[in-house]
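target.txt, holding compact mmCIF, C-alpha atoms:
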```txt
# COMPACT_ATOMS: atom_id res chain seq x y z
CA MET M 1 -19.11 -35.14 2.19
CA SER M 2 -19.72 -31.70 0.73
CA ASP M 3 -22.09 -28.82 1.27
CA ARG M 4 -23.39 -26.13 -1.02
CA VAL M 5 -23.83 -22.46 -0.22
CA HIS M 6 -25.82 -20.08 -2.44
CA LEU M 7 -24.29 -16.63 -2.25
CA ASP M 8 -26.90 -14.66 -4.22
CA GLY M 9 -24.41 -12.77 -6.35
CA GLY M 10 -21.94 -12.28 -3.51
CA ARG M 11 -23.82 -9.64 -1.50
CA ARG M 12 -23.53 -9.80 2.27
CA ARG M 13 -26.34 -11.84 3.78
CA ASP M 14 -27.11 -14.54 6.33
CA VAL M 15 -26.84 -17.90 4.56
CA ASP M 16 -26.84 -21.41 5.92
CA ILE M 17 -23.47 -23.10 6.15
CA ALA M 18 -23.30 -26.42 7.92
CA PRO M 19 -22.86 -25.81 10.79
CA GLY M 20 -23.96 -22.21 11.26
CA ASN M 21 -24.15 -19.30 8.84
CA LEU M 22 -22.08 -16.56 7.27
CA SER M 23 -21.67 -14.84 10.64
CA GLU M 24 -20.21 -18.03 12.05
CA ALA M 25 -17.98 -18.31 8.98
CA TYR M 26 -16.48 -14.91 9.78
CA ALA M 27 -16.19 -15.88 13.45
CA ARG M 28 -14.20 -18.95 12.43
CA CYS M 29 -11.87 -16.78 10.37
CA ARG M 30 -11.42 -14.51 13.37
CA ARG M 31 -10.42 -17.46 15.57
CA ILE M 32 -7.86 -18.64 13.02
CA THR M 33 -6.34 -15.17 12.80
CA ALA M 34 -6.23 -14.80 16.59
CA GLU M 35 -4.46 -18.15 16.97
CA HIS M 36 -1.93 -17.95 14.18
CA GLY M 37 -1.55 -14.31 13.08
CA ARG M 38 -0.92 -12.41 16.30
CA THR M 39 0.47 -9.23 14.75
CA TYR M 40 -2.26 -9.08 12.10
CA TYR M 41 -4.96 -9.81 14.65
CA LEU M 42 -3.67 -7.10 16.97
CA ALA M 43 -3.47 -4.56 14.14
CA ALA M 44 -6.95 -5.51 12.89
CA THR M 45 -8.48 -4.64 16.28
CA LEU M 46 -7.86 -1.00 15.32
CA LEU M 47 -10.13 -1.29 12.26
CA SER M 48 -13.89 -0.90 12.00
CA ALA M 49 -15.88 -4.12 12.42
CA PRO M 50 -16.58 -4.69 8.67
CA ARG M 51 -12.94 -4.13 7.73
CA ARG M 52 -11.79 -6.28 10.64
CA GLN M 53 -14.01 -9.12 9.42
CA ALA M 54 -12.62 -8.80 5.92
CA VAL M 55 -9.01 -8.93 7.14
CA HIS M 56 -9.81 -12.07 9.13
CA ALA M 57 -11.42 -13.69 6.07
CA LEU M 58 -8.45 -12.97 3.80
CA TYR M 59 -6.01 -14.15 6.44
CA ALA M 60 -7.93 -17.38 7.01
CA PHE M 61 -8.09 -18.08 3.26
CA ALA M 62 -4.31 -17.67 2.94
CA ARG M 63 -3.81 -19.77 6.06
CA MET M 64 -6.05 -22.52 4.68
CA VAL M 65 -3.98 -22.71 1.51
CA ASP M 66 -0.79 -22.61 3.58
CA ASP M 67 -1.98 -25.60 5.59
CA ILE M 68 -2.89 -27.57 2.48
CA VAL M 69 0.71 -27.20 1.34
CA ASP M 70 2.19 -27.79 4.80
CA HIS M 71 0.01 -30.65 5.99
CA ALA M 72 -1.20 -32.44 2.88
CA ASN M 73 0.31 -35.69 4.15
CA ASP M 74 -1.53 -35.35 7.47
CA PRO M 75 -5.21 -34.50 6.83
CA ALA M 76 -5.96 -34.71 10.55
CA GLN M 77 -4.02 -31.47 10.99
CA GLY M 78 -6.79 -29.69 9.11
CA LEU M 79 -6.67 -25.97 9.79
CA ALA M 80 -4.72 -26.31 13.00
CA GLY M 81 -1.36 -26.34 11.30
CA HIS M 82 1.75 -24.71 12.68
CA PRO M 83 1.94 -20.97 13.31
CA THR M 84 3.25 -19.64 10.02
CA GLY M 85 1.27 -16.42 9.68
CA LEU M 86 -0.08 -14.28 6.75
CA GLY M 87 2.31 -13.78 3.87
CA ARG M 88 4.82 -16.25 5.45
CA HIS M 89 6.63 -18.77 3.30
CA ARG M 90 5.48 -22.35 2.87
CA SER M 91 7.42 -25.48 3.74
CA THR M 92 6.36 -28.88 2.38
CA PRO M 93 7.71 -32.11 3.89
CA HIS M 94 9.68 -34.32 1.54
CA GLY M 95 7.26 -36.78 -0.04
CA THR M 96 6.48 -38.92 -3.00
CA ALA M 97 5.25 -37.89 -6.41
CA ASP M 98 1.81 -39.05 -5.29
CA SER M 99 1.85 -36.71 -2.28
CA ALA M 100 2.94 -33.80 -4.49
CA PHE M 101 0.13 -34.60 -6.91
CA SER M 102 -2.30 -34.66 -3.99
CA VAL M 103 -1.21 -31.19 -2.86
CA VAL M 104 -1.51 -29.73 -6.35
CA ARG M 105 -4.90 -31.38 -6.78
CA GLN M 106 -6.15 -29.79 -3.54
CA LEU M 107 -4.88 -26.37 -4.63
CA ASP M 108 -6.60 -26.85 -7.98
CA VAL M 109 -9.84 -27.72 -6.17
CA ILE M 110 -9.62 -24.58 -4.03
CA GLU M 111 -9.03 -22.45 -7.13
CA ARG M 112 -11.94 -24.07 -8.98
CA GLN M 113 -14.25 -23.55 -5.99
CA LEU M 114 -13.22 -19.92 -5.70
CA ARG M 115 -13.67 -19.28 -9.42
CA ASP M 116 -17.09 -20.99 -9.43
CA ALA M 117 -18.23 -19.00 -6.41
CA LEU M 118 -17.12 -15.68 -7.88
CA ASP M 119 -18.57 -16.46 -11.31
CA HIS M 120 -21.78 -18.27 -10.32
CA GLY M 121 -22.44 -17.49 -6.65
CA VAL M 122 -22.30 -21.10 -5.48
CA ILE M 123 -19.60 -22.85 -3.43
CA ASP M 124 -19.58 -26.63 -3.42
CA GLY M 125 -16.98 -28.01 -1.03
CA ASP M 126 -15.75 -29.79 2.06
CA PRO M 127 -17.56 -28.59 5.21
CA ARG M 128 -14.17 -27.98 6.89
CA THR M 129 -13.17 -25.41 4.27
CA LEU M 130 -16.57 -24.19 3.15
CA PRO M 131 -17.01 -21.47 5.83
CA ILE M 132 -13.63 -19.93 5.03
CA LEU M 133 -14.37 -19.95 1.31
CA ALA M 134 -17.78 -18.37 1.93
CA ALA M 135 -16.32 -15.57 4.06
CA ALA M 136 -13.52 -14.98 1.52
CA VAL M 137 -15.93 -14.82 -1.41
CA ASP M 138 -18.21 -12.46 0.48
CA THR M 139 -15.22 -10.20 1.23
CA ILE M 140 -13.88 -10.32 -2.33
CA THR M 141 -17.27 -9.38 -3.72
CA ARG M 142 -18.15 -6.65 -1.21
CA TYR M 143 -14.81 -4.90 -1.62
CA GLU M 144 -14.45 -5.62 -5.35
CA ILE M 145 -10.99 -7.14 -4.92
CA ASP M 146 -9.26 -8.00 -8.20
CA HIS M 147 -9.55 -11.79 -8.61
CA HIS M 148 -6.14 -11.91 -10.29
CA HIS M 149 -4.40 -11.39 -6.93
CA PHE M 150 -5.77 -14.74 -5.75
CA TRP M 151 -4.65 -16.66 -8.84
CA THR M 152 -1.17 -15.11 -8.44
CA PHE M 153 -1.13 -16.20 -4.80
CA LEU M 154 -2.15 -19.77 -5.62
CA ASP M 155 0.50 -19.98 -8.36
CA ALA M 156 3.15 -18.99 -5.82
CA MET M 157 1.94 -21.70 -3.45
CA ARG M 158 2.45 -24.28 -6.19
CA MET M 159 6.12 -23.22 -6.27
CA ASP M 160 6.44 -24.72 -2.78
CA VAL M 161 5.25 -28.18 -3.83
CA PRO M 162 8.03 -30.65 -4.68
CA GLY M 163 7.63 -32.31 -8.05
CA THR M 164 5.87 -29.40 -9.73
CA ALA M 165 7.41 -27.66 -12.74
CA THR M 166 7.83 -24.41 -10.81
CA HIS M 167 9.09 -25.89 -7.53
CA ARG M 168 12.13 -24.17 -5.99
CA THR M 169 14.05 -24.51 -2.73
CA ARG M 170 16.85 -22.01 -3.45
CA TYR M 171 16.92 -18.45 -4.80
CA ALA M 172 20.18 -17.08 -6.17
CA THR M 173 19.33 -13.37 -6.31
CA MET M 174 16.95 -10.89 -4.72
CA ALA M 175 15.27 -10.59 -8.13
CA GLU M 176 14.47 -14.32 -8.11
CA LEU M 177 13.21 -14.16 -4.53
CA ARG M 178 11.05 -11.15 -5.33
CA GLU M 179 9.40 -13.08 -8.15
CA TYR M 180 8.32 -15.65 -5.58
CA MET M 181 7.24 -12.96 -3.12
CA ARG M 182 5.20 -11.27 -5.85
CA GLY M 183 2.65 -14.03 -5.39
CA SER M 184 3.21 -15.13 -1.81
CA ALA M 185 3.46 -11.70 -0.15
CA ALA M 186 2.88 -8.75 -2.48
CA ALA M 187 -0.39 -10.30 -3.66
CA ILE M 188 -1.62 -10.35 -0.05
CA GLY M 189 -0.97 -6.62 0.27
CA LEU M 190 -2.86 -6.01 -2.95
CA GLN M 191 -5.81 -8.10 -1.74
CA LEU M 192 -6.03 -6.01 1.42
CA LEU M 193 -5.81 -2.62 -0.28
CA PRO M 194 -9.50 -2.32 -1.36
CA VAL M 195 -10.55 -3.37 2.15
CA LEU M 196 -8.46 -0.65 3.75
CA GLY M 197 -9.50 2.05 1.31
CA THR M 198 -7.36 4.80 -0.21
CA VAL M 199 -7.42 8.57 -0.65
CA VAL M 200 -6.00 8.16 -4.17
CA PRO M 201 -6.93 5.80 -7.01
CA VAL M 202 -6.13 2.25 -5.89
CA ALA M 203 -3.53 1.80 -8.64
CA GLU M 204 -1.45 4.63 -7.16
CA ALA M 205 -1.29 2.89 -3.78
CA GLU M 206 -0.53 -0.59 -5.13
CA PRO M 207 3.31 -0.35 -5.37
CA ALA M 208 3.64 0.60 -1.70
CA ALA M 209 1.11 -2.04 -0.59
CA ALA M 210 3.01 -4.71 -2.52
CA ALA M 211 6.31 -3.51 -1.02
CA LEU M 212 4.94 -3.71 2.52
CA GLY M 213 3.86 -7.31 1.96
CA GLU M 214 7.34 -8.07 0.61
CA ALA M 215 8.98 -6.37 3.60
CA PHE M 216 6.94 -8.46 6.05
CA GLN M 217 7.87 -11.69 4.31
CA LEU M 218 11.59 -10.93 4.06
CA THR M 219 11.52 -10.28 7.81
CA ASN M 220 10.04 -13.75 8.26
CA PHE M 221 12.77 -15.26 6.09
CA LEU M 222 15.47 -13.65 8.24
CA ARG M 223 13.82 -14.71 11.49
CA ASP M 224 13.12 -18.29 10.39
CA VAL M 225 16.27 -19.18 8.45
CA ALA M 226 17.02 -22.09 10.82
CA GLU M 227 13.51 -23.53 10.61
CA ASP M 228 13.57 -23.30 6.82
CA LEU M 229 16.94 -24.99 6.62
CA ASP M 230 15.51 -27.92 8.57
CA ARG M 231 13.05 -28.30 5.69
CA ASP M 232 15.81 -28.02 3.07
CA ARG M 233 14.74 -24.54 2.04
CA ILE M 234 16.94 -21.44 1.79
CA TYR M 235 14.99 -18.27 1.13
CA LEU M 236 17.92 -15.90 1.69
CA PRO M 237 19.48 -15.20 -1.73
CA THR M 238 22.55 -17.40 -2.11
CA GLU M 239 24.53 -14.83 -4.12
CA GLU M 240 24.00 -12.23 -1.40
CA LEU M 241 25.28 -14.73 1.19
CA ALA M 242 28.24 -15.75 -1.00
CA ALA M 243 29.45 -12.15 -1.13
CA PHE M 244 30.26 -12.55 2.58
CA GLY M 245 31.78 -16.00 2.26
CA VAL M 246 28.66 -17.85 3.36
CA ASP M 247 27.46 -20.95 1.50
CA GLU M 248 25.00 -23.72 2.32
CA ALA M 249 27.57 -25.74 4.27
CA HIS M 250 28.23 -22.63 6.37
CA LEU M 251 24.52 -22.31 7.14
CA ARG M 252 24.22 -25.97 8.07
CA GLU M 253 27.20 -25.74 10.42
CA ALA M 254 25.58 -22.72 12.08
CA ARG M 255 22.40 -24.72 12.45
CA ARG M 256 24.30 -27.66 13.95
CA THR M 257 26.14 -25.53 16.50
CA GLY M 258 23.46 -22.91 17.07
CA HIS M 259 26.12 -20.23 16.58
CA THR M 260 26.24 -17.36 14.09
CA ASP M 261 29.86 -16.51 13.30
CA ALA M 262 31.28 -13.21 12.00
CA PRO M 263 30.83 -13.81 8.23
CA LEU M 264 27.24 -14.89 8.74
CA ARG M 265 26.53 -11.93 11.03
CA ARG M 266 27.78 -9.59 8.30
CA ALA M 267 25.61 -11.33 5.70
CA LEU M 268 22.52 -11.06 7.91
CA ALA M 269 23.28 -7.40 8.67
CA HIS M 270 23.44 -6.75 4.92
CA LEU M 271 20.09 -8.46 4.30
CA ILE M 272 18.50 -6.61 7.22
CA ALA M 273 19.63 -3.35 5.58
CA ILE M 274 17.94 -4.47 2.35
CA ASN M 275 14.81 -5.32 4.33
CA ARG M 276 14.76 -1.92 6.02
CA ASP M 277 15.09 -0.24 2.64
CA ILE M 278 11.94 -2.04 1.50
CA TYR M 279 10.15 -0.83 4.63
CA ARG M 280 11.31 2.73 3.85
CA ARG M 281 9.88 2.50 0.35
CA ALA M 282 6.62 1.02 1.62
CA THR M 283 5.99 3.39 4.55
CA PRO M 284 4.94 6.49 2.53
CA GLY M 285 2.12 4.37 1.13
CA ILE M 286 0.43 4.38 4.53
CA ASP M 287 -0.46 8.06 3.96
CA LEU M 288 -2.29 7.00 0.78
CA LEU M 289 -4.71 4.91 2.84
CA ASP M 290 -7.99 5.98 4.42
CA PRO M 291 -6.93 7.96 7.53
CA ARG M 292 -9.04 5.70 9.73
CA VAL M 293 -6.96 2.61 8.87
CA ARG M 294 -3.51 4.18 9.01
CA PRO M 295 -2.97 3.45 12.75
CA ALA M 296 -3.63 -0.26 12.16
CA ILE M 297 -1.19 -0.56 9.28
CA SER M 298 1.40 1.55 11.11
CA THR M 299 1.08 -0.80 14.08
CA ALA M 300 1.70 -3.84 11.90
CA ARG M 301 4.67 -2.15 10.21
CA ILE M 302 6.26 -1.10 13.51
CA LEU M 303 5.90 -4.52 15.12
CA TYR M 304 7.17 -6.46 12.12
CA ALA M 305 10.14 -4.12 11.61
CA GLU M 306 11.04 -4.49 15.28
CA ILE M 307 11.72 -8.18 14.68
CA LEU M 308 14.81 -6.97 12.83
CA ASP M 309 15.81 -4.95 15.92
CA ARG M 310 15.45 -8.11 18.01
CA ILE M 311 17.68 -10.08 15.64
CA GLU M 312 20.35 -7.39 15.93
CA ALA M 313 20.01 -7.17 19.72
CA ALA M 314 20.60 -10.94 19.90
CA GLU M 315 23.84 -10.56 17.89
CA TYR M 316 22.18 -12.24 14.88
CA GLN M 317 21.92 -15.56 16.71
CA VAL M 318 18.95 -16.69 14.59
CA PHE M 319 20.08 -20.32 14.88
CA ALA M 320 19.82 -20.26 18.67
CA ALA M 321 16.36 -18.74 19.19
CA ARG M 322 13.46 -17.26 17.23
CA ALA M 323 13.38 -13.47 17.43
CA ARG M 324 10.13 -12.19 18.97
CA VAL M 325 8.70 -8.84 19.94
CA PRO M 326 7.63 -9.17 23.61
CA ARG M 327 3.91 -9.22 24.32
CA ARG M 328 4.15 -6.11 26.51
CA ARG M 329 5.72 -4.18 23.64
CA ARG M 330 3.09 -5.38 21.18
CA ILE M 331 0.30 -4.28 23.50
CA LEU M 332 1.95 -0.88 24.03
CA VAL M 333 2.24 -0.22 20.29
CA ALA M 334 -1.34 -1.36 19.71
CA THR M 335 -2.61 0.84 22.54
CA LYS M 336 -0.98 3.90 21.00
CA GLY M 337 -2.48 2.95 17.66
CA PHE M 338 -5.92 2.57 19.25
CA ALA M 339 -5.69 6.05 20.75
CA THR M 340 -4.82 7.49 17.33
CA ALA M 341 -7.56 5.53 15.59
CA THR M 342 -10.14 6.69 18.14
CA ARG M 343 -9.25 10.34 17.52
CA ARG M 344 -9.71 9.87 13.76
CA ARG M 345 -13.15 8.28 13.95
```
Here is a file; write its structure as structure tokens.
Amino acid sequence: MSDRVHLDGGRRRDVDIAPGNLSEAYARCRRITAEHGRTYYLAATLLSAPRRQAVHALYAFARMVDDIVDHANDPAQGLAGHPTGLGRHRSTPHGTADSAFSVVRQLDVIERQLRDALDHGVIDGDPRTLPILAAAVDTITRYEIDHHHFWTFLDAMRMDVPGTATHRTRYATMAELREYMRGSAAAIGLQLLPVLGTVVPVAEAEPAAAALGEAFQLTNFLRDVAEDLDRDRIYLPTEELAAFGVDEAHLREARRTGHTDAPLRRALAHLIAINRDIYRRATPGIDLLDPRVRPAISTARILYAEILDRIEAAEYQVFAARARVPRRRRILVATKGFATATRRR
């Protein structure tokens, strides 16, 4: 079953989407963000309503693609999925060549639908995904987001599908990992930039926006190394680990015992230092944004960077428990951000 939505050139309007309309499409995106992207949802509450809607739409689109890759062998999962979050890495279960082909085919369909909608103003698709596509297209058009950032993102998602020509489960160097993150994380930052607005030409703010997306994702890689290993994926650069005497067998033993030994602690400390350097390079870019959105982005940056503090406070025991910023702390940071945002409006 499929439905068709006429978007009238992409301008914001109330159009019928079964069930509901464009307003309901945005509401659905908001619910997805609230459920799966807690830090992004909290930061987005500091934005104006139109910008908040746009952030929810872009998050939900990325989440939808994430779930296609993660749950292609279980269609009943739909958009429920597991809580990966915006800009997080993908993890595909081992499967057959047929299942890999099915994932790629679904990604190709999403790309075709998005291209058709942006070029011709019509989306023809599954009613489960149609509202998210409609909200994403409306956002892309209203904020004149460069379409290339979406094709780059989808290409990176194909790298997570076993059996494809670009599929990878290991990255030897930071340069190799950054090539992956260029599509899976930096592209997300670049999609958001026109929504947030800048006080300089957009091109001048792009390097910092891309770096912030990369910083967020590397934090996820450090936090979720155990979970990724369970899926036979190592996102931490193997050459960086090897410099401290850590190889894959070392990681698997840490996963088996739930204990991070001294060599692995030193390796993680080194990678956290690299991650913090990326945050340092990204942070000045916040001042290039519209002053009204700076508190929201600062909130997201503070909360994500504090995950690194939590890893350190737990003696790098990432194989024993997932590092989290406590809810009380998240609310406190958001409250301070809200006070700042209110003064700037």
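Take the candidates M:Arg255, M:Leu47, M:Ala282, M:Thr238 and check each one against Phe338 (chain M) using all atoms listed in the file; the shortest distance goes to M:Leu47.
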Per-residue nearest contacts region 203-316 of chain M to region 156-174 of chain M, cut-off 10 Å, using all atoms listed in the file, as CSV:
```
residue,atom,partner,partner_atom,distance
M:Asp228,CA,M:Thr169,CA,9.6
M:Leu229,CA,M:Thr169,CA,9.8
M:Arg231,CA,M:Thr169,CA,9.3
M:Asp232,CA,M:Thr169,CA,7.0
M:Arg233,CA,M:Thr169,CA,4.8
M:Ile234,CA,M:Arg170,CA,5.3
M:Tyr235,CA,M:Arg170,CA,6.2
M:Leu236,CA,M:Tyr171,CA,7.0
M:Pro237,CA,M:Ala172,CA,4.9
M:Thr238,CA,M:Ala172,CA,4.7
M:Glu239,CA,M:Ala172,CA,5.3
M:Glu240,CA,M:Thr173,CA,6.9
M:Leu241,CA,M:Ala172,CA,9.3
M:Ala242,CA,M:Ala172,CA,9.7
M:Leu271,CA,M:Met174,CA,9.9
M:Ile274,CA,M:Met174,CA,9.6
```
Review point. So, counting only C-alpha atoms, which residue among M:Tyr59, M:Phe319, M:Tyr26, M:Tyr180 is closest to Leu218 (chain M)?
Key: M:Tyr180
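The two atoms in question, CA of Arg112 (chain M) and CA of Glu176 (chain M), are spaced 28.2 Å apart.
In this comparison, which uses all atoms listed in the file, the residue of M:Leu46, M:Glu253, M:Gly197, M:Ser23 approaching Val333 (chain M) most closely is M:Leu46.
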Residues at most 7 Å from Ala136 (chain M), counting all atoms listed in the file, excluding those fewer than 4 positions away in the same chain, as a tab-separated table (two decimals) with C-alpha atoms, in the frame of the given file?
```tsv
chain	number	residue	atom	x	y	z
M	57	ALA	CA	-11.42	-13.69	6.07
M	58	LEU	CA	-8.45	-12.97	3.80
M	61	PHE	CA	-8.09	-18.08	3.26
M	132	ILE	CA	-13.63	-19.93	5.03
M	140	ILE	CA	-13.88	-10.32	-2.33
```
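Using only C-alpha atoms, the nearest neighbour of Glu204 (chain M) within the list M:Ile286, M:Glu35, M:Ala27, M:Tyr41 is M:Ile286.
Here CA of Tyr40 (chain M) is placed at a distance of 6.6 Å from CA of Ala300 (chain M).
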Study note, to complete from the structure: The distance between CA of His147 (chain M) and CA of Arg28 (chain M) is 22.7 Å
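Checking M:Thr45, M:Thr33, M:Ile278, M:Thr257 one by one against Arg178 (chain M), counting all atoms listed in the file, you find the shortest gap at M:Ile278.
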Practice item. Would you list the contacts of Ile311 (chain M) as JSON, numbers by chain, taking every protein, DNA or RNA residue within 9 Å and counting all atoms listed in the file, but skipping same-chain residues closer than 2 positions in sequence? Key: {"M": [222, 223, 306, 307, 308, 309, 313, 314, 315, 316, 317, 318, 322, 323, 324]}
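Those DNA, RNA and protein residues that approach the point (4.9, -7.6, 24.1) to within 12 Å, considering all atoms listed in the file, are Arg38, Thr39, Leu42, Leu303, Glu306, Ile307, Arg324, Val325, Pro326, Arg327, Arg328, Arg329, Arg330, Ile331, Leu332, Val333, Ala334 and Thr335 of chain M.
Closest approach to Met181 (chain M) among M:Ala60, M:Leu154, M:Val195, M:Leu107 is made by M:Leu154 (distances from all atoms listed in the file).
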Exercise for review: Write out as a PyMOL selection string the residues lying within 9 Å of Phe216 (chain M), counting only C-alpha atoms and excluding same-chain residues fewer than 5 positions away.
Suggested key: chain M and resi 87-88+185+211+221+275+279+301+304-305
Point to revise | Neighbour list for His250 (chain M) as a ChimeraX atom specification, cut-off 10 Å, all atoms listed in the file, skip fewer than 6 positions in-chain | key: /M:241,256,260-261,263-264
Practice item. Write out as an MDAnalysis selection string the residues lying within 9 Å of Asp146 (chain M), counting all atoms listed in the file and excluding same-chain residues fewer than 4 positions away. Key: chainID M and resid 140 150 190:191 194
Since the input is missing atoms for region 209-221 of chain M, could you rebuild it with N, CA and C atoms and give the result as a compact mmCIF listing (two decimals), keeping the file's coordinate frame?
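Result saved to rebuild35.txt:
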```txt
# COMPACT_ATOMS: atom_id res chain seq x y z
N ALA M 209 1.77 -0.92 -1.26
CA ALA M 209 1.11 -2.04 -0.59
C ALA M 209 1.85 -3.34 -0.89
N ALA M 210 2.26 -3.52 -2.14
CA ALA M 210 3.01 -4.71 -2.52
C ALA M 210 4.35 -4.75 -1.80
N ALA M 211 5.01 -3.59 -1.69
CA ALA M 211 6.31 -3.51 -1.02
C ALA M 211 6.19 -3.85 0.45
N LEU M 212 5.10 -3.41 1.10
CA LEU M 212 4.94 -3.71 2.52
C LEU M 212 4.77 -5.21 2.73
N GLY M 213 3.99 -5.86 1.86
CA GLY M 213 3.86 -7.31 1.96
C GLY M 213 5.21 -8.00 1.78
N GLU M 214 6.01 -7.52 0.85
CA GLU M 214 7.34 -8.07 0.61
C GLU M 214 8.24 -7.85 1.83
N ALA M 215 8.16 -6.66 2.42
CA ALA M 215 8.98 -6.37 3.60
C ALA M 215 8.64 -7.31 4.75
N PHE M 216 7.35 -7.53 4.99
CA PHE M 216 6.94 -8.46 6.05
C PHE M 216 7.52 -9.85 5.81
N GLN M 217 7.43 -10.33 4.56
CA GLN M 217 7.87 -11.69 4.31
C GLN M 217 9.39 -11.84 4.40
N LEU M 218 10.14 -10.85 3.93
CA LEU M 218 11.59 -10.93 4.06
C LEU M 218 11.99 -10.95 5.53
N THR M 219 11.27 -10.22 6.37
CA THR M 219 11.52 -10.28 7.81
C THR M 219 11.32 -11.70 8.32
N ASN M 220 10.27 -12.36 7.87
CA ASN M 220 10.04 -13.75 8.26
C ASN M 220 11.19 -14.65 7.81
N PHE M 221 11.67 -14.44 6.60
CA PHE M 221 12.77 -15.26 6.09
C PHE M 221 14.01 -15.11 6.97
```
